[in-house]
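Structure below is structure.tsv: TSV, C-alpha atoms.
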chain	number	residue	atom	x	y	z
A	1247	MET	CA	-1.50	-6.05	-4.27
A	1248	GLN	CA	0.28	-7.55	-7.25
A	1249	ALA	CA	-0.24	-6.22	-10.77
A	1250	ALA	CA	-1.71	-8.67	-13.25
A	1251	VAL	CA	-1.75	-5.94	-15.91
A	1252	SER	CA	-0.09	-2.53	-15.66
A	1253	VAL	CA	-0.50	0.62	-17.72
A	1254	THR	CA	1.74	3.56	-18.56
A	1255	PRO	CA	0.92	7.16	-17.61
A	1256	ALA	CA	-0.29	7.93	-21.14
A	1257	ARG	CA	-3.16	5.45	-20.67
A	1258	ILE	CA	-4.36	6.86	-17.36
A	1259	PRO	CA	-6.58	9.74	-18.67
A	1260	GLU	CA	-8.47	7.41	-20.99
A	1261	LEU	CA	-8.97	4.80	-18.27
A	1262	LEU	CA	-10.04	7.32	-15.66
A	1263	LEU	CA	-12.50	8.92	-18.07
A	1264	GLY	CA	-14.22	5.56	-18.51
A	1265	LEU	CA	-13.86	4.28	-14.94
A	1266	ALA	CA	-13.69	7.16	-12.46
A	1267	THR	CA	-16.77	8.88	-13.86
A	1268	VAL	CA	-18.90	5.86	-12.92
A	1269	ARG	CA	-17.01	4.09	-10.12
A	1270	PRO	CA	-14.31	4.93	-7.56
A	1271	VAL	CA	-10.80	3.97	-8.74
A	1272	PHE	CA	-7.60	3.09	-6.90
A	1273	ILE	CA	-4.26	3.68	-8.65
A	1274	TRP	CA	-1.40	1.47	-7.46
A	1275	GLY	CA	2.22	2.27	-8.19
A	1276	ALA	CA	5.73	2.72	-6.86
A	1277	PRO	CA	6.74	5.99	-5.18
A	1278	GLY	CA	7.70	8.87	-7.43
A	1279	ILE	CA	6.17	7.73	-10.74
A	1280	GLY	CA	3.55	10.49	-10.91
A	1281	LYS	CA	0.30	9.10	-9.49
A	1282	SER	CA	-0.74	12.31	-7.74
A	1283	SER	CA	0.12	14.63	-10.62
A	1284	LEU	CA	-1.81	12.41	-13.06
A	1285	VAL	CA	-4.93	12.59	-10.89
A	1286	ARG	CA	-4.70	16.37	-10.56
A	1287	LYS	CA	-4.20	16.77	-14.30
A	1288	PHE	CA	-7.19	14.53	-14.99
A	1289	ALA	CA	-9.38	16.56	-12.63
A	1290	ASP	CA	-8.28	19.74	-14.39
A	1291	SER	CA	-9.23	18.23	-17.75
A	1292	LEU	CA	-12.78	17.77	-16.45
A	1293	GLY	CA	-12.90	21.25	-14.95
A	1294	LEU	CA	-13.12	19.84	-11.43
A	1295	GLU	CA	-11.26	21.08	-8.38
A	1296	CYS	CA	-9.05	18.35	-6.95
A	1297	VAL	CA	-9.39	18.03	-3.17
A	1298	SER	CA	-6.61	15.86	-1.75
A	1299	LEU	CA	-6.85	14.01	1.55
A	1300	LEU	CA	-3.67	12.33	2.78
A	1301	GLY	CA	-4.44	9.01	4.43
A	1302	THR	CA	-1.46	9.15	6.76
A	1303	GLN	CA	-2.61	12.48	8.21
A	1304	LEU	CA	-6.27	11.65	8.87
A	1305	ALA	CA	-8.28	10.47	11.84
A	1306	PRO	CA	-11.82	9.02	11.47
A	1307	GLU	CA	-13.38	12.25	12.77
A	1308	ASP	CA	-11.62	14.17	9.98
A	1309	LEU	CA	-14.02	12.41	7.60
A	1310	ILE	CA	-17.11	11.73	9.67
A	1311	GLY	CA	-16.97	15.14	11.28
A	1312	VAL	CA	-18.00	16.17	14.76
A	1313	PRO	CA	-21.51	15.82	16.22
A	1314	GLN	CA	-23.86	18.76	16.78
A	1315	ILE	CA	-27.24	18.77	18.51
A	1316	ARG	CA	-30.15	19.69	16.25
A	1317	ASP	CA	-33.72	19.41	17.46
A	1318	GLY	CA	-32.60	17.18	20.29
A	1319	ARG	CA	-30.67	14.83	18.03
A	1320	SER	CA	-26.97	14.50	17.29
A	1321	VAL	CA	-25.99	15.19	13.70
A	1322	PHE	CA	-22.48	14.65	12.34
A	1323	CYS	CA	-21.15	17.57	10.33
A	1324	PRO	CA	-18.51	16.58	7.76
A	1325	PRO	CA	-15.57	18.95	7.32
A	1326	GLU	CA	-15.74	21.87	4.92
A	1327	SER	CA	-13.05	20.33	2.70
A	1328	ILE	CA	-15.44	17.49	1.85
A	1329	ALA	CA	-18.90	19.05	2.22
A	1330	ARG	CA	-19.02	21.13	-0.96
A	1331	ASP	CA	-21.91	22.27	-3.08
A	1332	GLU	CA	-20.23	21.96	-6.45
A	1333	PRO	CA	-18.96	18.70	-7.99
A	1334	TYR	CA	-15.26	17.99	-7.44
A	1335	CYS	CA	-12.59	15.29	-7.56
A	1336	LEU	CA	-11.98	13.73	-4.15
A	1337	PHE	CA	-8.43	12.35	-4.21
A	1338	LEU	CA	-7.64	9.93	-1.39
A	1339	ASP	CA	-3.86	9.89	-1.53
A	1340	GLU	CA	-1.98	7.16	0.38
A	1341	LEU	CA	-5.34	5.58	1.19
A	1342	ASN	CA	-3.79	2.20	1.98
A	1343	ALA	CA	-1.36	3.85	4.41
A	1344	ALA	CA	-4.25	5.03	6.58
A	1345	THR	CA	-5.11	3.25	9.80
A	1346	PRO	CA	-7.88	0.58	9.67
A	1347	ASP	CA	-10.33	2.95	11.43
A	1348	VAL	CA	-9.74	5.64	8.80
A	1349	GLN	CA	-10.11	3.09	6.01
A	1350	LYS	CA	-13.46	2.04	7.50
A	1351	ALA	CA	-14.56	5.66	7.60
A	1352	PHE	CA	-14.04	5.79	3.83
A	1353	TYR	CA	-16.41	2.86	3.13
A	1354	SER	CA	-19.63	4.82	2.75
A	1355	LEU	CA	-17.87	7.72	1.02
A	1356	ILE	CA	-16.38	5.38	-1.57
A	1357	LEU	CA	-19.35	3.06	-2.12
A	1358	ASP	CA	-22.36	5.26	-1.40
A	1359	ARG	CA	-20.70	8.63	-2.09
A	1360	ARG	CA	-21.94	9.96	1.22
A	1361	ILE	CA	-20.79	10.80	4.76
A	1362	GLY	CA	-23.67	10.84	7.24
A	1363	ASN	CA	-26.39	12.95	5.65
A	1364	TYR	CA	-24.05	14.60	3.17
A	1365	GLU	CA	-23.88	13.28	-0.39
A	1366	LEU	CA	-21.21	14.17	-2.91
A	1367	PRO	CA	-22.63	16.50	-5.57
A	1368	GLU	CA	-23.67	14.87	-8.82
A	1369	GLY	CA	-20.70	14.75	-11.19
A	1370	SER	CA	-18.10	14.29	-8.43
A	1371	ILE	CA	-15.50	11.56	-8.77
A	1372	VAL	CA	-13.51	9.60	-6.17
A	1373	ILE	CA	-9.96	8.40	-6.86
A	1374	GLY	CA	-7.54	6.77	-4.44
A	1375	ALA	CA	-3.83	6.05	-4.82
A	1376	GLY	CA	-1.10	4.30	-2.91
A	1377	ASN	CA	2.15	2.40	-2.93
A	1378	ARG	CA	2.48	-1.36	-2.78
A	1379	ALA	CA	3.93	-3.26	0.17
A	1380	THR	CA	6.67	-4.51	-2.17
A	1381	ASP	CA	7.84	-0.91	-2.66
A	1382	ASN	CA	9.25	-0.75	0.89
A	1383	ALA	CA	6.83	2.11	1.51
A	1384	LEU	CA	4.30	2.63	4.28
A	1385	ALA	CA	1.40	0.44	3.19
A	1386	ARG	CA	-1.15	-1.37	5.31
A	1387	PRO	CA	-3.30	-4.27	4.13
A	1388	ILE	CA	-6.73	-3.12	3.05
A	1389	SER	CA	-9.76	-5.25	3.77
A	1390	SER	CA	-11.53	-7.27	1.12
A	1391	ALA	CA	-14.57	-5.05	1.69
A	1392	LEU	CA	-12.60	-1.97	0.66
A	1393	VAL	CA	-10.79	-3.75	-2.19
A	1394	ASN	CA	-14.18	-4.76	-3.58
A	1395	ARG	CA	-15.46	-1.19	-3.47
A	1396	LEU	CA	-12.80	0.04	-5.92
A	1397	ALA	CA	-11.70	-0.52	-9.50
A	1398	HIS	CA	-7.93	-1.09	-9.46
A	1399	VAL	CA	-5.38	0.25	-11.95
A	1400	HIS	CA	-1.66	-0.53	-11.72
A	1401	LEU	CA	0.67	2.20	-12.99
A	1402	SER	CA	4.20	1.61	-14.27
A	1403	ALA	CA	6.86	4.14	-15.26
A	1404	SER	CA	7.38	4.76	-18.98
A	1405	VAL	CA	10.43	6.59	-20.28
A	1406	THR	CA	8.62	7.41	-23.54
A	1407	ASP	CA	5.76	9.07	-21.67
A	1408	TRP	CA	8.08	10.86	-19.26
A	1409	LEU	CA	10.38	12.23	-21.94
A	1410	GLY	CA	7.34	13.45	-23.86
A	1411	TRP	CA	6.17	15.25	-20.72
A	1412	ALA	CA	9.67	16.54	-19.95
A	1413	ALA	CA	9.96	18.20	-23.36
A	1414	GLY	CA	7.25	20.68	-22.40
A	1415	HIS	CA	8.14	21.19	-18.75
A	1416	GLY	CA	11.66	22.56	-18.80
A	1417	ILE	CA	13.53	19.44	-17.71
A	1418	HIS	CA	17.28	20.01	-18.02
A	1419	PRO	CA	18.62	18.83	-21.42
A	1420	TRP	CA	21.41	16.82	-19.75
A	1421	ILE	CA	18.70	14.69	-18.15
A	1422	THR	CA	16.52	14.23	-21.22
A	1423	ASP	CA	19.53	13.38	-23.38
A	1424	TYR	CA	20.92	11.00	-20.77
A	1425	LEU	CA	17.62	9.13	-20.31
A	1426	THR	CA	17.21	8.92	-24.07
A	1427	ASP	CA	20.47	6.95	-24.09
A	1428	ARG	CA	19.77	5.10	-20.83
A	1429	PRO	CA	15.98	4.64	-20.56
A	1430	ASP	CA	16.49	1.84	-18.03
A	1431	HIS	CA	17.72	4.43	-15.52
A	1432	LEU	CA	14.42	6.33	-15.30
A	1433	TRP	CA	13.19	4.15	-12.45
A	1434	SER	CA	14.69	1.64	-10.08
A	1435	LYS	CA	13.08	-0.56	-7.48
A	1436	PRO	CA	12.98	1.06	-4.03
A	1437	PRO	CA	15.90	-0.28	-1.98
A	1438	LYS	CA	15.56	-2.02	1.36
A	1439	THR	CA	18.03	0.40	2.88
A	1440	GLU	CA	17.53	4.13	3.44
A	1441	GLU	CA	19.15	5.62	0.36
A	1442	PRO	CA	18.00	7.65	-2.66
A	1443	PHE	CA	16.65	5.82	-5.69
A	1444	SER	CA	15.81	6.87	-9.21
A	1445	THR	CA	12.22	7.77	-10.13
A	1446	PRO	CA	10.65	10.30	-12.49
A	1447	ARG	CA	10.19	12.50	-9.42
A	1448	SER	CA	13.86	12.28	-8.40
A	1449	TRP	CA	15.04	13.09	-11.95
A	1450	HIS	CA	12.74	16.12	-11.82
A	1451	MET	CA	14.34	17.15	-8.53
A	1452	LEU	CA	17.80	16.77	-10.04
A	1453	SER	CA	16.71	18.88	-13.02
A	1454	ASP	CA	15.56	21.65	-10.67
A	1455	ALA	CA	18.96	21.53	-8.93
A	1456	LEU	CA	20.86	21.71	-12.23
A	1457	HIS	CA	18.83	24.75	-13.30
A	1458	SER	CA	19.33	26.34	-9.89
A	1459	PHE	CA	23.13	26.00	-9.90
A	1460	GLY	CA	23.41	26.92	-13.57
A	1461	PRO	CA	26.43	26.53	-15.85
A	1462	THR	CA	28.89	27.23	-13.02
A	1463	LEU	CA	28.00	23.94	-11.32
A	1464	ASP	CA	31.28	22.28	-10.37
A	1465	GLU	CA	32.05	18.56	-10.47
A	1466	GLU	CA	31.97	17.99	-6.71
A	1467	THR	CA	28.62	19.73	-6.30
A	1468	LEU	CA	27.20	17.73	-9.19
A	1469	LYS	CA	28.23	14.53	-7.40
A	1470	VAL	CA	26.49	15.68	-4.22
A	1471	VAL	CA	23.17	16.49	-5.91
A	1472	ALA	CA	23.22	13.42	-8.18
A	1473	HIS	CA	23.97	11.03	-5.30
A	1474	GLY	CA	21.38	12.87	-3.21
A	1475	THR	CA	18.57	12.14	-5.67
A	1476	LEU	CA	19.41	9.01	-7.70
A	1477	THR	CA	20.26	5.35	-7.28
A	1478	PRO	CA	24.03	5.27	-6.55
A	1479	GLY	CA	24.94	3.49	-9.79
A	1480	HIS	CA	22.79	5.87	-11.81
A	1481	ALA	CA	24.38	8.85	-10.09
A	1482	VAL	CA	27.87	7.65	-11.01
A	1483	ALA	CA	26.81	7.07	-14.62
A	1484	PHE	CA	25.09	10.45	-14.89
A	1485	CYS	CA	28.13	12.28	-13.54
A	1486	GLY	CA	30.23	10.42	-16.11
A	1487	TYR	CA	27.81	11.47	-18.84
A	1488	VAL	CA	28.05	15.12	-17.81
A	1489	LYS	CA	31.82	14.86	-17.94
A	1490	VAL	CA	31.52	13.47	-21.48
A	1491	VAL	CA	29.27	16.36	-22.47
A	1492	ARG	CA	31.62	18.92	-21.00
A	1493	SER	CA	34.79	17.38	-22.42
A	1494	ARG	CA	33.31	16.21	-25.75
A	1495	PHE	CA	34.97	12.87	-25.05
A	1496	GLY	CA	32.69	10.05	-26.13
A	1497	LEU	CA	32.40	6.35	-26.82
A	1498	ASP	CA	32.44	6.76	-30.60
A	1499	ALA	CA	35.94	8.22	-30.45
A	1500	ILE	CA	37.10	5.18	-28.45
A	1501	LEU	CA	35.43	2.72	-30.83
A	1502	LYS	CA	37.12	4.40	-33.80
A	1503	GLY	CA	40.49	4.37	-32.08
A	1504	ASP	CA	40.69	8.16	-31.95
A	1505	ALA	CA	40.76	8.14	-28.14
A	1506	ARG	CA	41.65	5.80	-25.29
A	1507	TRP	CA	39.73	4.79	-22.20
A	1508	PRO	CA	40.14	7.44	-19.49
A	1509	HIS	CA	42.64	6.07	-16.99
A	1510	ARG	CA	43.23	8.71	-14.32
A	1511	PRO	CA	41.73	8.00	-10.86
A	1512	GLU	CA	39.69	11.20	-10.97
A	1513	GLU	CA	38.08	9.99	-14.22
A	1514	ARG	CA	36.68	6.76	-12.72
A	1515	ASP	CA	33.05	7.92	-12.96
A	1516	LEU	CA	33.63	8.75	-16.63
A	1517	LEU	CA	35.16	5.30	-17.14
A	1518	TYR	CA	32.10	3.63	-15.56
A	1519	TYR	CA	29.76	5.63	-17.75
A	1520	LEU	CA	31.64	4.78	-20.94
A	1521	ALA	CA	31.79	1.11	-19.95
A	1522	GLU	CA	28.01	1.08	-19.41
A	1523	SER	CA	27.50	2.77	-22.77
A	1524	PHE	CA	29.85	0.25	-24.38
A	1525	ARG	CA	27.82	-2.60	-22.87
A	1526	GLY	CA	24.57	-1.08	-24.16
A	1527	ARG	CA	26.05	-0.62	-27.64
A	1528	LEU	CA	27.17	-4.27	-27.79
A	1529	ALA	CA	23.80	-5.51	-26.56
A	1530	LYS	CA	22.12	-3.53	-29.32
A	1531	GLU	CA	24.48	-4.36	-32.20
A	1532	LEU	CA	25.58	-7.97	-31.61
A	1533	PRO	CA	23.08	-10.59	-32.92
A	1534	ALA	CA	22.00	-13.55	-30.80
A	1535	SER	CA	23.65	-15.95	-33.25
A	1536	LYS	CA	27.10	-15.51	-34.74
A	1537	GLU	CA	25.82	-17.06	-37.98
A	1538	HIS	CA	23.74	-13.94	-38.51
A	1539	ALA	CA	26.66	-11.59	-37.94
A	1540	SER	CA	27.71	-9.60	-41.01
A	1541	PRO	CA	31.40	-8.95	-41.69
A	1542	SER	CA	31.08	-5.48	-40.18
A	1543	VAL	CA	29.46	-6.90	-37.03
A	1544	ARG	CA	32.23	-9.50	-36.74
A	1545	GLN	CA	34.72	-6.65	-36.99
A	1546	THR	CA	32.82	-4.85	-34.23
A	1547	ALA	CA	33.05	-7.95	-32.03
A	1548	TYR	CA	36.79	-8.23	-32.69
A	1549	ARG	CA	37.29	-4.57	-31.85
A	1550	ALA	CA	35.13	-4.97	-28.74
A	1551	LYS	CA	37.34	-7.77	-27.39
A	1552	SER	CA	40.40	-5.61	-27.98
A	1553	LEU	CA	38.77	-2.73	-26.10
A	1554	LEU	CA	37.82	-5.07	-23.26
A	1555	VAL	CA	41.47	-6.04	-22.91
A	1556	GLN	CA	42.45	-2.38	-22.77
A	1557	LEU	CA	39.70	-1.69	-20.26
A	1558	ALA	CA	40.78	-4.61	-18.05
A	1559	GLU	CA	44.31	-3.22	-17.96
A	1560	ILE	CA	42.87	-0.12	-16.31
A	1561	SER	CA	40.27	-1.87	-14.13
A	1562	VAL	CA	39.18	-5.51	-14.18
A	1563	GLU	CA	36.15	-4.51	-12.12
A	1564	VAL	CA	34.95	-1.98	-14.69
A	1565	ALA	CA	35.64	-4.34	-17.59
A	1566	GLN	CA	33.66	-7.06	-15.84
A	1567	THR	CA	30.56	-4.82	-15.76
A	1568	VAL	CA	30.51	-4.90	-19.57
A	1569	ILE	CA	29.95	-8.67	-19.69
A	1570	ALA	CA	27.94	-8.99	-16.45
A	1571	ASP	CA	24.44	-10.48	-16.35
A	1572	ASP	CA	21.42	-8.20	-16.10
A	1573	ALA	CA	19.53	-7.51	-12.87
A	1574	ASP	CA	17.57	-10.77	-13.20
A	1575	GLY	CA	20.72	-12.87	-13.61
A	1576	ASN	CA	20.33	-13.37	-17.35
A	1577	PRO	CA	23.15	-12.75	-19.86
A	1578	LEU	CA	22.75	-9.41	-21.60
A	1579	LEU	CA	25.31	-10.06	-24.33
A	1580	PRO	CA	25.01	-12.99	-26.79
A	1581	ALA	CA	26.44	-16.33	-25.67
A	1582	TRP	CA	28.85	-16.64	-28.60
A	1583	PHE	CA	30.51	-13.34	-27.72
A	1584	LEU	CA	30.77	-14.29	-24.04
A	1585	VAL	CA	32.39	-17.61	-25.02
A	1586	GLU	CA	34.99	-15.80	-27.10
A	1587	ALA	CA	35.56	-13.30	-24.30
A	1588	ALA	CA	36.08	-16.19	-21.86
A	1589	ARG	CA	38.61	-17.78	-24.21
A	1590	ASP	CA	40.57	-14.60	-24.81
A	1591	MET	CA	40.24	-13.05	-21.34
A	1592	PRO	CA	39.95	-15.80	-18.70
A	1593	ARG	CA	40.67	-13.40	-15.83
A	1594	LEU	CA	37.55	-11.42	-16.67
A	1595	VAL	CA	35.43	-14.55	-16.45
A	1596	GLU	CA	37.07	-15.54	-13.18
A	1597	ALA	CA	36.27	-12.10	-11.75
A	1598	ARG	CA	32.71	-12.46	-13.04
A	1599	ARG	CA	32.29	-15.60	-10.98
Can the structure from this file be put into structure tokens for me?
Amino acid sequence: MQAAVSVTPARIPELLLGLATVRPVFIWGAPGIGKSSLVRKFADSLGLECVSLLGTQLAPEDLIGVPQIRDGRSVFCPPESIARDEPYCLFLDELNAATPDVQKAFYSLILDRRIGNYELPEGSIVIGAGNRATDNALARPISSALVNRLAHVHLSASVTDWLGWAAGHGIHPWITDYLTDRPDHLWSKPPKTEEPFSTPRSWHMLSDALHSFGPTLDEETLKVVAHGTLTPGHAVAFCGYVKVVRSRFGLDAILKGDARWPHRPEERDLLYYLAESFRGRLAKELPASKEHASPSVRQTAYRAKSLLVQLAEISVEVAQTVIADDADGNPLLPAWFLVEAARDMPRLVEARR
């Protein structure tokens, strides 16, 4: 299902309070952005126990129950996890990953709030969640009958929300500081190949690893845990950032001329990180039109071209990343600066092509 309108995690409690208390809700979103934890937190806020059923681990009889003979008639007895006397939050996680037979078994529970003769206690709520087919995750089509039984909310990752949450949950300061500088690295689209990718959940895992290893964490181990949890490019950049933190060697010193680009082979991850930071700084400070550039900005552009030349002398590939298009194929830096870069550094433009 495609999202016409998406919301950030901060909006979810408000929406669920208005929707889930009157109708069943389905939350769509990419893996690792916090769907399950948001539902559990919402249930806690209402004082309801959250009972999670995982769609991929269910069979129809797990919901309908098994038959018993009473007074000469068969009666289906729903499982104890569902048949409760007190109101609760029934969380149907990975609902759209369940088999069609299991999805059908949910129909009456979702629409009529009942399984056989059992009815959910008054005050109970039903919330489902799942990934989209476009997330390269296990997701089966759900029938129009089931779609029409649910109110649908599409969740997107928000670095502002996540950093606000991280501040009170012990996330490692290297991670919060890094994502403050590089908010675009909080989440990346799930790859088509089997490799780690960045999500709020994977950054949390990396934070746990950093706390576990402590200050004695060596560079090689850091590379292992970063590449084991993050998108490869993000892992390289994060390792470079940590090296900056540990060596107190930053972009500002290079911009001022107090330091040079790192040039040793073992500093390549640091070089990539500084180049990415340099690119972000230029995108932020250079105006779209040169006519609106102040003398100080023009001086920045002149200095930037000089630094690009120095960077290209170390690695044309790394220098090319500074002027590369964004993920959608659109120029990130202003056209006038790219034109001047092409005039002064034709080999960079040739490599870019």
Closest to Glu1559 (chain A) among A:Pro1478, A:Pro1508, A:Gly1293, A:Gly1486, using all atoms listed in the file?
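Smallest separation from Glu1559 (chain A) among the options: A:Pro1508.
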Fewer than 4 positions away in the same chain doesn't count, so skip those; otherwise give me all residues within 7 Å of region 1342-1350 of chain A, counting only C-alpha atoms, as a ChimeraX atom specification.
/A:1301-1302,1304-1306,1376,1384-1388
Rank A:Glu1522, A:Ala1550, A:Thr1267, A:Leu1528 by their smallest atom-to-atom distance to Val1564 (chain A), using only C-alpha atoms, and report the top residue only.
A:Glu1522
Quick one: residues within 10 Å of region 1530-1536 of chain A, only C-alpha atoms counted, chain neighbours fewer than 4 positions away excluded, as a PyMOL selection string?
chain A and resi 1524-1526+1540+1543-1544+1546-1547+1578-1583
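Atom to atom, CA of Arg1428 (chain A) and CA of Lys1551 (chain A) stand 22.7 Å apart.
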Quick one: contact table of region 1353-1405 of chain A to region 1434-1446 of chain A, 12 Å max, nearest atom pair and distance in Å to one decimal per residue, counting only C-alpha atoms, chain and number order, as a Markdown table?
| residue | atom | partner | partner_atom | distance |
| --- | --- | --- | --- | --- |
| A:Asn1377 | CA | A:Pro1436 | CA | 11.0 |
| A:Arg1378 | CA | A:Pro1436 | CA | 10.8 |
| A:Ala1379 | CA | A:Pro1436 | CA | 10.9 |
| A:Thr1380 | CA | A:Pro1436 | CA | 8.6 |
| A:Asp1381 | CA | A:Pro1436 | CA | 5.7 |
| A:Asn1382 | CA | A:Pro1436 | CA | 6.4 |
| A:Ala1383 | CA | A:Pro1436 | CA | 8.3 |
| A:Ser1402 | CA | A:Thr1445 | CA | 10.9 |
| A:Ala1403 | CA | A:Pro1446 | CA | 7.7 |
| A:Ser1404 | CA | A:Pro1446 | CA | 9.1 |
| A:Val1405 | CA | A:Pro1446 | CA | 8.6 |
So, with only C-alpha atoms as the atoms that count, which of A:Lys1469, A:His1400, A:Arg1316, A:His1431 lies closest to Ala1276 (chain A)?
A:His1400
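Minimum distance to Lys1281 (chain A) across A:Pro1367, A:Gly1264, A:Gly1374, A:Gly1503 (counting all atoms listed in the file) occurs at A:Gly1374.
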How about completing region 1266-1281 of chain A with N, CA and C atoms and giving it to me as a CSV table (one decimal), keeping the file's coordinate frame?
chain,number,residue,atom,x,y,z
A,1266,ALA,N,-13.5,6.3,-13.6
A,1266,ALA,CA,-13.7,7.2,-12.5
A,1266,ALA,C,-15.0,7.9,-12.5
A,1267,THR,N,-15.5,8.1,-13.7
A,1267,THR,CA,-16.8,8.9,-13.9
A,1267,THR,C,-18.0,8.0,-13.5
A,1268,VAL,N,-17.8,6.7,-13.3
A,1268,VAL,CA,-18.9,5.9,-12.9
A,1268,VAL,C,-18.6,5.1,-11.6
A,1269,ARG,N,-17.4,4.8,-11.3
A,1269,ARG,CA,-17.0,4.1,-10.1
A,1269,ARG,C,-15.7,4.6,-9.5
A,1270,PRO,N,-15.6,4.5,-8.2
A,1270,PRO,CA,-14.3,4.9,-7.6
A,1270,PRO,C,-13.1,4.0,-8.0
A,1271,VAL,N,-12.0,4.7,-8.2
A,1271,VAL,CA,-10.8,4.0,-8.7
A,1271,VAL,C,-9.6,4.1,-7.8
A,1272,PHE,N,-8.8,3.0,-7.7
A,1272,PHE,CA,-7.6,3.1,-6.9
A,1272,PHE,C,-6.4,2.9,-7.8
A,1273,ILE,N,-5.5,3.8,-7.8
A,1273,ILE,CA,-4.3,3.7,-8.6
A,1273,ILE,C,-3.1,3.2,-7.8
A,1274,TRP,N,-2.5,2.0,-8.1
A,1274,TRP,CA,-1.4,1.5,-7.5
A,1274,TRP,C,-0.1,1.8,-8.2
A,1275,GLY,N,0.9,2.0,-7.5
A,1275,GLY,CA,2.2,2.3,-8.2
A,1275,GLY,C,3.3,2.6,-7.2
A,1276,ALA,N,4.6,2.4,-7.7
A,1276,ALA,CA,5.7,2.7,-6.9
A,1276,ALA,C,5.8,4.2,-6.5
A,1277,PRO,N,6.6,4.6,-5.5
A,1277,PRO,CA,6.7,6.0,-5.2
A,1277,PRO,C,7.4,6.7,-6.3
A,1278,GLY,N,7.0,8.0,-6.5
A,1278,GLY,CA,7.7,8.9,-7.4
A,1278,GLY,C,7.4,8.7,-8.9
A,1279,ILE,N,6.4,7.9,-9.3
A,1279,ILE,CA,6.2,7.7,-10.7
A,1279,ILE,C,5.0,8.6,-11.3
A,1280,GLY,N,4.5,9.5,-10.4
A,1280,GLY,CA,3.6,10.5,-10.9
A,1280,GLY,C,2.1,10.2,-10.7
A,1281,LYS,N,1.7,9.4,-9.7
A,1281,LYS,CA,0.3,9.1,-9.5
A,1281,LYS,C,-0.5,10.4,-9.1
